[in-house]
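Engineer: Quick one: this structure, given as structure tokens, is what I'll be asking you about.
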Number of protein chains: 2
Amino acid sequence: MHQVLIAEDESDISELVSFNLQRESIGTMWAKDGVEAVEMAQKELPNLIILDLMLPRRDGFQVFKELRLDARTKDIPVMMLTAKAQLEDVITGLELGADDYLTKPFSPKEMVLRVKALLKRSAPTPTASVITRGKFQLDKNTLTCFVDGRKIDLTPTEFKLLLLLIEREGQPQNRGDILREVWGYRDTTQSRTLDTHMKRLRTKIGNSSSCIVTIRGIGYQFRNIA
Amino acid sequence: MHQVLIAEDESDISELVSFNLQRESIGTMWAKDGVEAVEMAQKELPNLIILDLMLPRRDGFQVFKELRLDARTKDIPVMMLTAKAQLEDVITGLELGADDYLTKPFSPKEMVLRVKALLKRSAPTPTASVITRGKFQLDKNTLTCFVDGRKIDLTPTEFKLLLLLIEREGQPQNRGDILREVWGYRDTTQSRTLDTHMKRLRTKIGNSSSCIVTIRGIGYQFRNIA
DNA sequence: CGTAAACGTGACGATTTTGACACAATCTCA
DNA sequence: TGAGATTGTGTCAAAATCGTCACGTTTACG
């Protein structure tokens with residue numbers, strides 16, 4: 001279950017937000033001022049922070065800057081709240097790197113949906129070494145690959161190639177980027193290396209190679225076809 | 001360079017958006033109606049789509065649904081545009097899964113900043129594939145190893161061996177377990193393979209190999225000696 | 001339809017990786 | 001101290017990996 005930190009001094013707003021999020025099975029915690037917000041964020045490491053700009057003891061911008069300077073909290077998405085028609089605040093917040101912005105008064109429904117969109121986009125990547133996508137299971141620690149429970153012997157380069165595509169499932173990867181990231185190439189215009197390795201990889205994974213789709217003129221994409 | 005598809009029938013809005021994005025080194029392409037928007041998205045696979053809801057030939061909602069049904073385009077972030085004060089449209093769009101929402105008339109600066117936030121958020125999050133322990137930094141995705149900021153060329157087997165020890169920093173790993181986990185051996189009693197690879201690994205990492213400690217009769221241990 | 005570009009494929013040779021082996025060095029225990 | 005066990009070391013050859021090349025096939029466009 002996701003946890004959202006609500007940094008807001010007005011309790012009625014805080015309760016409104018909290019109520020609506022909890023109704024969507026999103027856990028909440030409350031910080032009444034800027035100092036408490038920083039402390040709570042650093043201690044609890046929530047999945048998202050809703051940050052009012054007008055906080056006692058330390059304003060929202062300052063809180064935001066501090067969170068971004070701390071390695072533990074710098075990647076937590078932040079949605080800023082401010083009073084209506086403060087466009088300069090919106091600009092400043094977004095320039096600082098806030099992930100979204102909501103002006104009071106806001107529709108609770110809109111707030112919930114925006115929170116969900118943020119949570120969805122920033123879902124933390126599991127730190128485990130095993131990645132599973134449909135029929136594919138790869139273990140980064142042992143460089144082993146299983147498809148439909150069957151072990152596939154991949155060379156290290158083949159493994160890296162497949163891993164890259166699988167971790168970016170759904171997103172087409174252009175050839176140049178693949179060559180750079182798997183091979184470390186600087187100049188990628190002339191190489192046919194990728195083609196050769198792709199053929200080898202497809203041969204090894206057999207029928208399931210239909211999950212690796214060529215996008216002509218661009219590159220390749222992994223699709224989890226059931 | 002990122003590419004943004006602007007699906008908008010009003011040319012002055014389209015030009016305003018395009019101009020401001022290009023000023024931020026963000027490439028743009030323009031679709032004047034809903035059909036063209038779908039075609040262009042499927043063909044060009046932009047990094048983000050700005051989608052007006054009032055499009056000729058196929059409205060924005062319909063376009064959005066089609067894009068989400070296509071494996072190639074379903075993960076492209078979408079920012080919806082609509083006329084002022086249409087809260088129902090906002091809710092519908094966000095419920096459908098739009099990533100952001102902007103109401104006309106909008107500040108060009110806000111639009112740019114929101115586009116940037118979306119592009120940043122939807123960039124593949126750096127996977128937790130990098131492990132750092134003292135002077136050592138290993139990237140599981142690329143099988144690269146840096147010691148004191150210096151790249152060390154390791155074979156895949158050497159990498160696996162070092163990774164195992166580093167991930168279990170402080171805990172002595174017995175020979176049999178290492179042979180089983182790195183080499184997949186079932187019977188480990190007679191092998192000198194580990195010794196050979198350990199010597200090679202130590203040679204490559206030079207002075208810092210003092211971090212790999214032999215525990216006679218047991219195996220090896222990684223100690224983070226500063 | 002024809003053509004050029006992009007990608008697939010098979011084959012080859014160079015390079016790298018790997019494990020085994022024999023000898024050397026070190027450690028532990030009686 | 002001596003002996004046996006364990007680990008370090010250098011070398012060798014087989015196997016694996018890799019990238020290139022040329023030809024084949026497919027795709028997209030005029």
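Residue numbering restarts at 1 for every chain of the structure tokens, chains are lettered A, B, ... in their displayed order, and ligands are numbered from 1 as they appear.
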Near chain C, meaning an atom within 12 Å, which residues of chain B appear when counting only C-alpha atoms (C1' of nucleotides)? Write them as number ranges by chain.
Structural biologist: B: 153-158, 183, 190-197, 200, 214-217
Engineer: For Phe146 of chain A, find every residue with an atom within 6 Å (counting only C-alpha atoms (C1' of nucleotides)), except residues of its own chain fewer than 5 positions away, and show them as an mmCIF file with C-alpha atoms, in the first residue's frame.
Structural biologist:
```cif
data_model
loop_
_atom_site.group_PDB
_atom_site.id
_atom_site.type_symbol
_atom_site.label_atom_id
_atom_site.label_comp_id
_atom_site.auth_asym_id
_atom_site.auth_seq_id
_atom_site.Cartn_x
_atom_site.Cartn_y
_atom_site.Cartn_z
ATOM 1 C CA PHE A 136 10.448 -14.458 -19.031
ATOM 2 C CA GLN A 137 12.452 -14.514 -15.864
ATOM 3 C CA LYS A 151 16.565 -22.442 -18.798
ATOM 4 C CA ILE A 152 17.976 -20.599 -21.787
#
```
Engineer: Per residue of chain A within 7 Å of chain B, note the shortest atom pair and the distance in Å to one decimal, counting only C-alpha atoms, and order the rows by chain and increasing residue number, as a tab-separated table.
Structural biologist:
```
residue	atom	partner	partner_atom	distance
A:Ile91	CA	B:Glu110	CA	6.0
A:Leu94	CA	B:Leu113	CA	5.9
A:Glu95	CA	B:Leu113	CA	6.6
A:Asp99	CA	B:Ala117	CA	5.8
A:Glu110	CA	B:Ile91	CA	6.0
A:Leu113	CA	B:Leu94	CA	6.0
A:Ala117	CA	B:Asp99	CA	6.0
A:Arg121	CA	B:Ser122	CA	6.4
A:Ser122	CA	B:Arg121	CA	6.9
A:Thr125	CA	B:Thr127	CA	6.0
A:Thr127	CA	B:Ala128	CA	5.2
A:Lys140	CA	B:Lys140	CA	6.1
A:Asn141	CA	B:Lys160	CA	6.5
A:Thr142	CA	B:Val182	CA	6.4
A:Pro156	CA	B:Pro156	CA	6.8
A:Lys160	CA	B:Asn141	CA	6.5
A:Gly170	CA	B:Ala71	CA	6.3
A:Gln171	CA	B:Asp75	CA	6.8
A:Val182	CA	B:Thr142	CA	6.5
```
Engineer: Provide as a list in words the residues of chain D at most 9 Å from chain A, counting only C-alpha atoms (C1' of nucleotides).
Structural biologist: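 Result, ordered by chain then number: DA16, DT17, DC18, DG19, DT20 and DT27 of chain D.
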Engineer: Create the file for the chosen residues now, containing N, CA, C and O atoms (P, O5', C5', C4', C3', O3' and C1' of nucleotides) and written as a PDB file, in the first residue's frame.
Structural biologist:
```pdb
ATOM      1  P    DA D  16      31.548 -24.733 -25.497  1.00  0.00           P
ATOM      2  O5'  DA D  16      31.577 -23.152 -25.335  1.00  0.00           O
ATOM      3  C5'  DA D  16      32.046 -22.601 -24.125  1.00  0.00           C
ATOM      4  C4'  DA D  16      32.121 -21.104 -24.249  1.00  0.00           C
ATOM      5  C3'  DA D  16      30.907 -20.495 -24.946  1.00  0.00           C
ATOM      6  O3'  DA D  16      30.445 -19.433 -24.117  1.00  0.00           O
ATOM      7  C1'  DA D  16      32.931 -19.776 -26.002  1.00  0.00           C
ATOM      8  P    DT D  17      29.162 -18.624 -24.542  1.00  0.00           P
ATOM      9  O5'  DT D  17      29.821 -17.324 -25.191  1.00  0.00           O
ATOM     10  C5'  DT D  17      30.851 -16.668 -24.486  1.00  0.00           C
ATOM     11  C4'  DT D  17      31.408 -15.554 -25.332  1.00  0.00           C
ATOM     12  C3'  DT D  17      30.327 -14.729 -26.042  1.00  0.00           C
ATOM     13  O3'  DT D  17      30.445 -13.403 -25.571  1.00  0.00           O
ATOM     14  C1'  DT D  17      32.095 -15.327 -27.519  1.00  0.00           C
ATOM     15  P    DC D  18      29.367 -12.339 -26.030  1.00  0.00           P
ATOM     16  O5'  DC D  18      30.112 -11.651 -27.251  1.00  0.00           O
ATOM     17  C5'  DC D  18      31.454 -11.205 -27.075  1.00  0.00           C
ATOM     18  C4'  DC D  18      32.028 -10.837 -28.421  1.00  0.00           C
ATOM     19  C3'  DC D  18      31.058 -10.020 -29.267  1.00  0.00           C
ATOM     20  O3'  DC D  18      31.513  -8.673 -29.266  1.00  0.00           O
ATOM     21  C1'  DC D  18      32.185 -11.742 -30.533  1.00  0.00           C
ATOM     22  P    DG D  19      30.606  -7.557 -29.927  1.00  0.00           P
ATOM     23  O5'  DG D  19      31.215  -7.411 -31.396  1.00  0.00           O
ATOM     24  C5'  DG D  19      32.601  -7.207 -31.532  1.00  0.00           C
ATOM     25  C4'  DG D  19      32.993  -7.298 -32.994  1.00  0.00           C
ATOM     26  C3'  DG D  19      32.129  -6.447 -33.921  1.00  0.00           C
ATOM     27  O3'  DG D  19      32.994  -5.844 -34.854  1.00  0.00           O
ATOM     28  C1'  DG D  19      32.073  -8.704 -34.616  1.00  0.00           C
ATOM     29  P    DT D  20      32.450  -4.764 -35.903  1.00  0.00           P
ATOM     30  O5'  DT D  20      32.787  -5.490 -37.285  1.00  0.00           O
ATOM     31  C5'  DT D  20      34.039  -6.139 -37.432  1.00  0.00           C
ATOM     32  C4'  DT D  20      34.033  -6.986 -38.684  1.00  0.00           C
ATOM     33  C3'  DT D  20      33.353  -6.320 -39.872  1.00  0.00           C
ATOM     34  O3'  DT D  20      34.229  -6.413 -40.973  1.00  0.00           O
ATOM     35  C1'  DT D  20      32.438  -8.477 -39.514  1.00  0.00           C
ATOM     36  P    DT D  27       7.633  -7.330 -44.280  1.00  0.00           P
ATOM     37  O5'  DT D  27       7.913  -5.766 -44.413  1.00  0.00           O
ATOM     38  C5'  DT D  27       8.922  -5.178 -43.599  1.00  0.00           C
ATOM     39  C4'  DT D  27       9.193  -3.775 -44.089  1.00  0.00           C
ATOM     40  C3'  DT D  27       7.933  -2.968 -44.449  1.00  0.00           C
ATOM     41  O3'  DT D  27       8.003  -1.755 -43.747  1.00  0.00           O
ATOM     42  C1'  DT D  27       9.538  -2.859 -46.189  1.00  0.00           C
TER      43       DT D  27
END
```
Engineer: Going by DSSP on the backbone, which bits of chain B are helix (DSSP H, G or I)? Write them as a PyMOL selection string, please.
Structural biologist: chain B and resi 11-22+34-44+60-69+87-96+108-122+156-167+175-183+193-211
Engineer: Output as a PyMOL selection string all residues of segment 7-203 of chain B that backbone DSSP marks as strand (DSSP E or B).
Structural biologist: chain B and resi 7+27-31+48-52+78-82+100-103+130-133+136-139+144-147+150-152+173-174
